[in-house]
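Participant: Structure file upload_9.pdb (PDB, C-alpha atoms and all ligand atoms) right here:
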ATOM      1  CA  MET M   5       0.000   0.000   0.000  1.00  0.00           C
ATOM      2  CA  THR M   6       1.266   3.413  -0.930  1.00  0.00           C
ATOM      3  CA  LEU M   7       0.366   6.560   0.897  1.00  0.00           C
ATOM      4  CA  GLU M   8       0.373   9.619  -1.328  1.00  0.00           C
ATOM      5  CA  LEU M   9       0.000  13.181  -0.105  1.00  0.00           C
ATOM      6  CA  LYS M  10       0.094  16.492  -1.896  1.00  0.00           C
ATOM      7  CA  LEU M  11       2.316  18.991  -0.119  1.00  0.00           C
ATOM      8  CA  THR M  12       2.314  22.766   0.002  1.00  0.00           C
ATOM      9  CA  LEU M  13       6.029  22.688  -0.889  1.00  0.00           C
ATOM     10  CA  ASP M  14       6.978  23.877  -4.377  1.00  0.00           C
ATOM     11  CA  CYS M  15       9.189  21.885  -6.693  1.00  0.00           C
ATOM     12  CA  PRO M  16      12.629  23.587  -6.734  1.00  0.00           C
ATOM     13  CA  ARG M  17      12.861  23.022 -10.477  1.00  0.00           C
ATOM     14  CA  CYS M  18       9.426  23.839 -11.915  1.00  0.00           C
ATOM     15  CA  GLY M  19       7.365  25.283  -9.041  1.00  0.00           C
ATOM     16  CA  ASN M  20       4.695  22.586  -9.123  1.00  0.00           C
ATOM     17  CA  LYS M  21       3.345  21.292  -5.805  1.00  0.00           C
ATOM     18  CA  LEU M  22       5.292  18.291  -4.575  1.00  0.00           C
ATOM     19  CA  THR M  23       3.882  14.905  -3.634  1.00  0.00           C
ATOM     20  CA  LEU M  24       5.034  12.792  -0.734  1.00  0.00           C
ATOM     21  CA  ARG M  25       4.805   9.053  -1.244  1.00  0.00           C
ATOM     22  CA  GLU M  26       5.320   6.502   1.421  1.00  0.00           C
ATOM     23  CA  TYR M  27       6.303   2.974   0.534  1.00  0.00           C
ATOM     24  CA  ASN M  28       7.040  -0.004   2.704  1.00  0.00           C
ATOM     25  CA  LYS M  29      10.659   0.896   3.400  1.00  0.00           C
ATOM     26  CA  TYR M  30      11.049   4.191   1.592  1.00  0.00           C
ATOM     27  CA  VAL M  31       9.693   7.697   1.463  1.00  0.00           C
ATOM     28  CA  GLN M  32       9.784   9.690  -1.732  1.00  0.00           C
ATOM     29  CA  LEU M  33       9.400  13.374  -2.483  1.00  0.00           C
ATOM     30  CA  TYR M  34       8.163  13.643  -6.018  1.00  0.00           C
ATOM     31  CA  CYS M  35       7.098  16.208  -8.619  1.00  0.00           C
ATOM     32  CA  ASP M  36       4.488  14.827 -11.004  1.00  0.00           C
ATOM     33  CA  LYS M  37       5.157  17.615 -13.514  1.00  0.00           C
ATOM     34  CA  CYS M  38       8.903  17.425 -14.164  1.00  0.00           C
ATOM     35  CA  ASN M  39       9.511  14.017 -12.527  1.00  0.00           C
ATOM     36  CA  LEU M  40      12.127  15.332 -10.127  1.00  0.00           C
ATOM     37  CA  SER M  41      12.239  12.984  -7.171  1.00  0.00           C
ATOM     38  CA  VAL M  42      14.283  11.885  -4.220  1.00  0.00           C
ATOM     39  CA  THR M  43      13.821   8.605  -2.400  1.00  0.00           C
ATOM     40  CA  ILE M  44      15.338   7.612   0.906  1.00  0.00           C
ATOM     41  CA  ARG M  45      14.988   4.720   3.285  1.00  0.00           C
ATOM     42  CA  LYS M  46      12.698   5.295   6.226  1.00  0.00           C
ATOM     43  CA  ARG M  47      15.469   3.963   8.403  1.00  0.00           C
ATOM     44  CA  ILE M  48      17.496   7.092   7.567  1.00  0.00           C
ATOM     45  CA  ILE M  49      14.667   9.273   8.820  1.00  0.00           C
ATOM     46  CA  LEU M  50      14.287   7.179  11.942  1.00  0.00           C
ATOM     47  CA  MET M  51      18.013   7.469  12.603  1.00  0.00           C
ATOM     48  CA  ARG M  52      18.276  11.184  11.958  1.00  0.00           C
ATOM     49  CA  HIS M  53      14.991  12.636  13.090  1.00  0.00           C
ATOM     50  CA  VAL M  54      13.630  10.619  15.983  1.00  0.00           C
ATOM     51  CA  ASP M  55      14.378  11.652  19.521  1.00  0.00           C
ATOM     52  CA  TYR M  56      14.523   8.251  21.191  1.00  0.00           C
ATOM     53  CA  ASP M  57      14.498   9.702  24.686  1.00  0.00           C
ATOM     54  CA  ASP M  58      10.918  10.812  24.110  1.00  0.00           C
ATOM     55  CA  ASP M  59      10.043   8.665  21.055  1.00  0.00           C
ATOM     56  CA  VAL M  60       9.220  11.793  19.074  1.00  0.00           C
ATOM     57  CA  LEU M  61       9.569  12.108  15.320  1.00  0.00           C
ATOM     58  CA  ASP M  62      10.595  15.573  14.188  1.00  0.00           C
ATOM     59  CA  TRP M  63       8.770  15.386  10.887  1.00  0.00           C
ATOM     60  CA  SER M  64       9.403  18.978   9.830  1.00  0.00           C
ATOM     61  CA  SER M  65      13.166  18.478  10.073  1.00  0.00           C
ATOM     62  CA  ALA M  66      12.798  15.188   8.182  1.00  0.00           C
ATOM     63  CA  LEU M  67      10.894  16.969   5.444  1.00  0.00           C
ATOM     64  CA  ASP M  68      13.472  19.775   5.398  1.00  0.00           C
ATOM     65  CA  PHE M  69      16.126  17.116   4.901  1.00  0.00           C
ATOM     66  CA  LEU M  70      14.217  15.503   2.011  1.00  0.00           C
ATOM     67  CA  TYR M  71      13.626  18.891   0.445  1.00  0.00           C
ATOM     68  CA  SER M  72      17.300  19.845   0.674  1.00  0.00           C
ATOM     69  CA  LEU M  73      18.204  16.589  -1.103  1.00  0.00           C
ATOM     70  CA  LEU M  74      15.675  17.386  -3.817  1.00  0.00           C
ATOM     71  CA  LYS M  75      17.056  20.910  -4.223  1.00  0.00           C
ATOM     72  CA  GLY M  76      20.539  19.454  -4.575  1.00  0.00           C
ATOM     73  CA  LYS M  77      19.266  17.178  -7.332  1.00  0.00           C
ATOM     74  CA  ALA M  78      17.454  20.026  -9.085  1.00  0.00           C
ATOM     75  CA  THR M  79      20.612  22.108  -9.373  1.00  0.00           C
ATOM     76  CA  ALA M  80      22.956  19.193 -10.082  1.00  0.00           C
ATOM     77  CA  SER M  81      21.020  18.130 -13.151  1.00  0.00           C
ATOM     78  CA  TYR M  82      21.642  21.390 -14.981  1.00  0.00           C
TER      79      TYR M  82
HETATM   80 ZN    ZN P   1       8.906  19.866 -10.834  1.00  0.00          ZN
END
For the file at hand, write its structure as structure tokens.
Facilitator:
Amino acid sequence: MTLELKLTLDCPRCGNKLTLREYNKYVQLYCDKCNLSVTIRKRIILMRHVDYDDDVLDWSSALDFLYSLLKGKATASY
């Protein structure tokens, strides 16, 4: 099962609204207009963005991280 959510974030390449997709082991930030995407393992997010003292996921920092990867890809492909 795939969870798919439209985000209010703009694609760094074309300005279209981005989509967040959640797969079994991966999360993907995706633009359905120019096909720019970045996919990372959920484990990376769990390692980087969960505070295990309180079992809290800092989702906004996780999304910032995904978005920064996408921006890197957008500029690298030119
Ligand atoms: Zn785009």
Participant: Report as CSV the residues of chain M within 9 Å of ligand ZN 1 (chain P), each with its shortest atom pair and distance in Å (one decimal), using all atoms listed in the file, ordered by chain and increasing residue number.
Facilitator:
residue,atom,partner,partner_atom,distance
M:Asp14,CA,P:ZN1,ZN,7.8
M:Cys15,CA,P:ZN1,ZN,4.6
M:Pro16,CA,P:ZN1,ZN,6.7
M:Arg17,CA,P:ZN1,ZN,5.1
M:Cys18,CA,P:ZN1,ZN,4.2
M:Gly19,CA,P:ZN1,ZN,5.9
M:Asn20,CA,P:ZN1,ZN,5.3
M:Lys21,CA,P:ZN1,ZN,7.6
M:Leu22,CA,P:ZN1,ZN,7.4
M:Tyr34,CA,P:ZN1,ZN,7.9
M:Cys35,CA,P:ZN1,ZN,4.6
M:Asp36,CA,P:ZN1,ZN,6.7
M:Lys37,CA,P:ZN1,ZN,5.1
M:Cys38,CA,P:ZN1,ZN,4.1
M:Asn39,CA,P:ZN1,ZN,6.1
M:Leu40,CA,P:ZN1,ZN,5.6
M:Ser41,CA,P:ZN1,ZN,8.5
M:Ala78,CA,P:ZN1,ZN,8.7
Participant: So which residues fall inside 9 Å of (-1.8, 12.7, -3.0) if we count all atoms listed in the file? Mind giving them as a PDB file with C-alpha atoms, keeping the file's coordinate frame?
Facilitator:
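selection-v4.pdb was written with the following content:
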ATOM      1  CA  LEU M   7       0.366   6.560   0.897  1.00  0.00           C
ATOM      2  CA  GLU M   8       0.373   9.619  -1.328  1.00  0.00           C
ATOM      3  CA  LEU M   9       0.000  13.181  -0.105  1.00  0.00           C
ATOM      4  CA  LYS M  10       0.094  16.492  -1.896  1.00  0.00           C
ATOM      5  CA  LEU M  11       2.316  18.991  -0.119  1.00  0.00           C
ATOM      6  CA  THR M  23       3.882  14.905  -3.634  1.00  0.00           C
ATOM      7  CA  LEU M  24       5.034  12.792  -0.734  1.00  0.00           C
ATOM      8  CA  ARG M  25       4.805   9.053  -1.244  1.00  0.00           C
TER       9      ARG M  25
END
Participant: If you apply the PyMOL selection byres (((chain M and resi 58-72) around 9) and not hetatm) to this file, what residues do you get, as a count of residues only?
Facilitator: 21
Participant: Let me have the centre and edge lengths in Å, one decimal, of the box along x, y and z around every listed atom of region 25-29 of chain M with 5 Å of margin on each side, as JSON.
Facilitator:
{"center_x": 7.7, "center_y": 4.5, "center_z": 1.1, "size_x": 15.9, "size_y": 19.1, "size_z": 14.6}
Participant: Quick one: everything within 9 Å of Arg47 (chain M), counting only C-alpha atoms, minus sequence neighbours fewer than 4 positions away in the same chain. Send it as a PDB file with C-alpha atoms, in the frame of the given file.
Facilitator:
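After the write, around31.pdb holds the following:
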ATOM      1  CA  LYS M  29      10.659   0.896   3.400  1.00  0.00           C
ATOM      2  CA  TYR M  30      11.049   4.191   1.592  1.00  0.00           C
ATOM      3  CA  MET M  51      18.013   7.469  12.603  1.00  0.00           C
ATOM      4  CA  ARG M  52      18.276  11.184  11.958  1.00  0.00           C
TER       5      ARG M  52
END
